[in-house]
$ cat run-v2.txt   # compact mmCIF, C-alpha atoms
# COMPACT_ATOMS: atom_id res chain seq x y z
CA MET S 240 6.24 -71.47 -42.27
CA ALA S 241 3.73 -69.41 -40.29
CA THR S 242 5.28 -66.27 -38.84
CA LYS S 243 4.18 -64.09 -36.00
CA ILE S 244 5.12 -60.53 -35.08
CA ARG S 245 5.46 -60.63 -31.32
CA LEU S 246 7.14 -59.07 -28.31
CA GLN S 247 10.26 -60.60 -26.80
CA ARG S 248 10.75 -59.66 -23.15
CA GLY S 249 13.94 -58.14 -21.81
CA GLY S 250 14.87 -55.84 -18.97
CA ARG S 251 15.01 -56.59 -15.30
CA LYS S 252 12.37 -57.78 -12.88
CA GLY S 253 9.65 -55.16 -12.46
CA TYR S 254 10.97 -53.08 -15.38
CA ALA S 255 9.99 -54.80 -18.60
CA PHE S 256 11.47 -53.83 -21.95
CA TYR S 257 10.41 -55.55 -25.15
CA ARG S 258 11.85 -56.16 -28.60
CA ILE S 259 9.41 -56.42 -31.50
CA VAL S 260 10.50 -59.49 -33.44
CA ILE S 261 9.46 -61.71 -36.32
CA ALA S 262 9.37 -65.31 -35.10
CA ASP S 263 8.05 -68.70 -36.05
CA VAL S 264 4.67 -69.43 -34.47
CA ARG S 265 6.10 -72.46 -32.65
CA ALA S 266 9.08 -70.61 -31.12
CA PRO S 267 8.86 -69.68 -27.43
CA ARG S 268 8.36 -66.07 -26.36
CA ASP S 269 12.02 -65.37 -25.60
CA GLY S 270 13.38 -67.95 -28.02
CA LYS S 271 14.76 -67.90 -31.53
CA PHE S 272 13.54 -65.20 -33.91
CA THR S 273 13.97 -64.30 -37.57
CA GLU S 274 14.38 -60.53 -37.39
CA LYS S 275 14.21 -57.70 -34.86
CA ILE S 276 12.16 -54.79 -36.20
CA GLY S 277 11.90 -52.53 -33.16
CA THR S 278 11.62 -51.97 -29.44
CA TYR S 279 8.80 -51.11 -27.04
CA ASN S 280 9.28 -49.54 -23.60
CA PRO S 281 6.01 -49.38 -21.63
CA ASN S 282 7.72 -47.81 -18.58
CA THR S 283 7.77 -44.27 -20.00
CA ASN S 284 4.75 -41.99 -20.26
CA PRO S 285 3.65 -42.24 -23.07
CA ALA S 286 5.19 -45.60 -23.97
CA THR S 287 8.26 -45.33 -26.20
CA VAL S 288 8.27 -47.23 -29.49
CA ASP S 289 11.25 -47.44 -31.84
CA LEU S 290 10.10 -49.20 -35.00
CA ASN S 291 11.56 -49.94 -38.43
CA PHE S 292 8.42 -48.88 -40.31
CA GLU S 293 9.37 -50.34 -43.72
CA ARG S 294 10.27 -53.77 -42.35
CA ALA S 295 7.11 -53.93 -40.25
CA LEU S 296 5.03 -53.07 -43.31
CA TYR S 297 6.93 -55.64 -45.41
CA TRP S 298 6.29 -58.44 -42.90
CA LEU S 299 2.61 -57.52 -42.60
CA GLU S 300 2.26 -57.66 -46.37
CA CYS S 301 4.01 -61.06 -46.37
CA GLY S 302 1.29 -62.39 -44.09
CA ALA S 303 2.92 -62.33 -40.65
CA GLN S 304 0.26 -62.13 -37.95
CA PRO S 305 0.85 -59.61 -35.13
CA THR S 306 -0.15 -60.37 -31.56
CA ASP S 307 -2.77 -58.13 -29.96
CA THR S 308 -0.23 -55.84 -28.29
CA VAL S 309 1.86 -55.55 -31.45
CA ARG S 310 -1.31 -54.83 -33.45
CA ASN S 311 -2.06 -51.94 -31.05
CA ILE S 312 1.51 -50.64 -31.41
CA PHE S 313 1.31 -50.86 -35.20
CA SER S 314 -2.03 -49.09 -35.16
CA ARG S 315 -0.61 -46.27 -33.06
CA GLU S 316 2.46 -45.97 -35.32
CA GLY S 317 0.39 -46.06 -38.53
CA VAL S 318 1.69 -49.31 -40.01
CA LEU S 319 -1.81 -50.79 -40.30
CA LEU S 320 -3.13 -47.57 -41.89
CA MET S 321 -0.34 -47.61 -44.48
CA LYS S 322 -1.09 -51.27 -45.28
CA HIS S 323 -4.74 -50.31 -45.74
CA LEU S 324 -3.84 -47.37 -47.97
CA LYS S 325 -1.49 -49.53 -50.09
CA GLY S 326 -4.36 -51.98 -50.53
CA GLY S 327 -6.48 -49.09 -51.85
CA VAL S 328 -3.72 -48.16 -54.30
CA LYS S 329 -3.51 -51.76 -55.55
CA LYS S 330 -7.28 -51.81 -56.11
CA GLY S 331 -7.16 -48.49 -57.94
CA ALA S 332 -9.26 -46.50 -55.48
CA PHE S 333 -6.64 -43.71 -55.44
CA ASP S 334 -3.03 -43.14 -56.45
CA GLU S 335 0.19 -43.38 -54.44
CA ALA S 336 0.48 -39.60 -53.89
CA THR S 337 -3.05 -39.40 -52.41
CA ALA S 338 -2.30 -42.33 -50.12
CA GLN S 339 0.91 -40.67 -48.93
CA ALA S 340 -0.92 -37.36 -48.38
CA LYS S 341 -3.60 -39.10 -46.31
CA PHE S 342 -0.95 -40.87 -44.25
CA ASP S 343 1.02 -37.64 -43.68
CA ALA S 344 -2.13 -35.80 -42.55
CA TRP S 345 -2.97 -38.63 -40.14
CA LYS S 346 0.60 -38.72 -38.79
CA GLN S 347 0.61 -34.94 -38.24
CA ALA S 348 -2.69 -35.09 -36.32
CA LYS S 349 -1.39 -38.02 -34.26
CA THR S 350 1.83 -36.15 -33.43
CA ALA S 351 -0.16 -33.08 -32.40
CA GLY S 352 -2.24 -35.26 -30.07
CA PHE S 353 0.88 -36.76 -28.45
CA ASP S 354 2.38 -33.29 -28.03
CA ALA S 355 -0.84 -32.09 -26.38
CA VAL S 356 -0.72 -35.00 -23.92
CA LYS S 357 2.95 -34.30 -23.11
CA ASN S 358 2.25 -30.59 -22.62
CA ALA S 359 -0.74 -31.30 -20.39
CA SER S 360 1.35 -33.70 -18.31
CA ALA S 361 4.17 -31.18 -17.97
CA LYS S 362 1.69 -28.43 -17.05
CA ALA S 363 0.05 -30.64 -14.40
CA LYS S 364 3.48 -31.45 -12.93
CA ALA S 365 4.38 -27.74 -12.82
CA GLN S 366 1.08 -26.87 -11.12
CA ALA S 367 1.54 -29.66 -8.57
CA LYS S 368 5.07 -28.45 -7.85
CA ALA S 369 3.87 -24.84 -7.46
CA ALA S 370 1.10 -25.98 -5.10
CA ALA S 371 3.62 -27.97 -3.04
CA VAL S 372 5.94 -24.95 -2.82
CA GLU S 373 3.03 -22.73 -1.78
CA ALA S 374 1.96 -25.19 0.91
CA GLU S 375 5.53 -25.39 2.18
CA LYS S 376 5.76 -21.59 2.32
CA LYS S 377 2.51 -21.44 4.28
CA LYS S 378 3.78 -24.08 6.71
CA ALA S 379 7.08 -22.19 7.12
CA GLU S 380 5.18 -18.96 7.85
CA GLU S 381 3.10 -20.72 10.52
CA ILE S 382 6.24 -22.11 12.13
CA ALA S 383 7.88 -18.67 11.99
CA LYS S 384 4.78 -17.16 13.69
CA LYS S 385 4.91 -19.77 16.46
CA VAL S 386 8.64 -19.14 16.97
CA ALA S 387 8.07 -15.37 17.06
CA GLU S 388 5.25 -15.82 19.61
CA LYS S 389 7.48 -18.02 21.78
CA LYS S 390 10.31 -15.47 21.58
CA ALA S 391 7.93 -12.63 22.42
CA ALA S 392 6.56 -14.61 25.37
CA ALA S 393 10.09 -15.42 26.54
CA GLN S 394 11.11 -11.75 26.24
CA ALA S 395 8.00 -10.65 28.11
CA ALA S 396 8.69 -13.19 30.84
CA ALA S 397 12.31 -12.04 31.03
CA ALA S 398 11.23 -8.37 31.19
CA GLU S 399 8.67 -9.20 33.87
CA ALA S 400 11.27 -11.11 35.89
CA GLU S 401 13.67 -8.20 35.53
CA ALA S 402 11.01 -5.73 36.63
CA GLU S 403 10.20 -7.92 39.60
CA ALA S 404 13.88 -8.15 40.49
CA THR S 405 14.26 -4.36 40.38
CA GLN S 406 11.14 -3.95 42.53
CA THR S 407 12.47 -6.38 45.10
CA GLU S 408 15.80 -4.52 45.15
CA GLU S 409 14.07 -1.14 45.59
CA ALA S 410 11.73 -2.38 48.30
CA PRO S 411 14.47 -3.38 50.78
CA ALA S 412 16.30 -0.09 50.11
CA GLU S 413 13.15 1.89 51.01
CA GLU S 414 12.74 0.02 54.32
CA ALA S 415 16.22 0.90 55.54

$ encode --input "run-v2.txt" --output "structure tokens"
Amino acid sequence: MATKIRLQRGGRKGYAFYRIVIADVRAPRDGKFTEKIGTYNPNTNPATVDLNFERALYWLECGAQPTDTVRNIFSREGVLLMKHLKGGVKKGAFDEATAQAKFDAWKQAKTAGFDAVKNASAKAKAQAKAAAVEAEKKKAEEIAKKVAEKKAAAQAAAAEAEAEATQTEEAPAEEA
């Protein structure tokens, strides 16, 4: 029986969520499967992957063929690298401890890269928010200036009208 490691779609319309499953090659995309080994959520930034690493490695070693998307997910998670390193151990190129050390170093570098991307994204969001707040403050100051100018003009007009009214009252008194 030929097996495939593929994605099985779930979630609602416009918000896809996938399960990573082991299925027969002939089974439909959302049909019967042998085993669920993880999930993939492309809606988050970066995409969230929850994977049973050991089972994924086991099925790859058994000959299950991943689809292109699953191959990319496995590459990002290090499953393909570990399969490669285990092949080197079997051939005698290096021992198990060296393979594990190489994998741990790669995983640490990969985690640092993801953290850098998350930090850069958070920093960009904070800067955008600060810029929006600054622009809003500037707009509020302009509105406050316009309101103050209107009030000053209204007060000046009121003072002028009052002065005119007092002059008109004094003028008739002087004539009599």

$ closest_residue --input "run-v2.txt" --among "S:Lys329, S:Trp298, S:Gln247, S:Tyr257" --to "Pro281 of chain S" --atoms "only C-alpha atoms"
S:Tyr257

$ closest_residue --input "run-v2.txt" --among "S:Ala361, S:Ile244, S:Ala402, S:Ala255" --to "Phe272 of chain S" --atoms "only C-alpha atoms"
S:Ile244

$ atom_distance --input "run-v2.txt" --atom1 "atom CA of Gly270 of chain S" --atom2 "atom CA of Glu293 of chain S"
23.9 Å

$ axis_aligned_box --input "run-v2.txt" --around "segment 283-295 of chain S" --padding-each-side "5 Å" --output "lines of an AutoDock Vina configuration file"
center_x = 7.6
center_y = -48.0
center_z = -31.9
size_x = 17.9
size_y = 21.9
size_z = 33.7

$ atom_distance --input "run-v2.txt" --atom1 "atom CA of Lys243 of chain S" --atom2 "atom CA of Gly277 of chain S"
14.2 Å

$ residues_around --input "run-v2.txt" --residues "Ala303 of chain S" --least-positions-apart "3" --cutoff "10 Å" --atoms "only C-alpha atoms" --output "count of residues only"
17

$ closest_residue --input "run-v2.txt" --among "S:Asn358, S:Gln304, S:Leu320, S:Arg265" --to "Phe292 of chain S" --atoms "all atoms listed in the file"
S:Leu320

$ residues_around --input "run-v2.txt" --residues "Lys346 of chain S" --least-positions-apart "6" --cutoff "12 Å" --atoms "only C-alpha atoms" --output "mmCIF file with C-alpha atoms, keeping the file's coordinate frame"
data_model
loop_
_atom_site.group_PDB
_atom_site.id
_atom_site.type_symbol
_atom_site.label_atom_id
_atom_site.label_comp_id
_atom_site.auth_asym_id
_atom_site.auth_seq_id
_atom_site.Cartn_x
_atom_site.Cartn_y
_atom_site.Cartn_z
ATOM 1 C CA SER S 314 -2.030 -49.090 -35.160
ATOM 2 C CA ARG S 315 -0.610 -46.270 -33.060
ATOM 3 C CA GLU S 316 2.460 -45.970 -35.320
ATOM 4 C CA GLY S 317 0.390 -46.060 -38.530
ATOM 5 C CA VAL S 318 1.690 -49.310 -40.010
ATOM 6 C CA LEU S 320 -3.130 -47.570 -41.890
ATOM 7 C CA MET S 321 -0.340 -47.610 -44.480
ATOM 8 C CA GLN S 339 0.910 -40.670 -48.930
ATOM 9 C CA ALA S 340 -0.920 -37.360 -48.380
ATOM 10 C CA GLY S 352 -2.240 -35.260 -30.070
ATOM 11 C CA PHE S 353 0.880 -36.760 -28.450
#

$ atom_distance --input "run-v2.txt" --atom1 "atom CA of Thr287 of chain S" --atom2 "atom CA of Cys301 of chain S"
25.9 Å
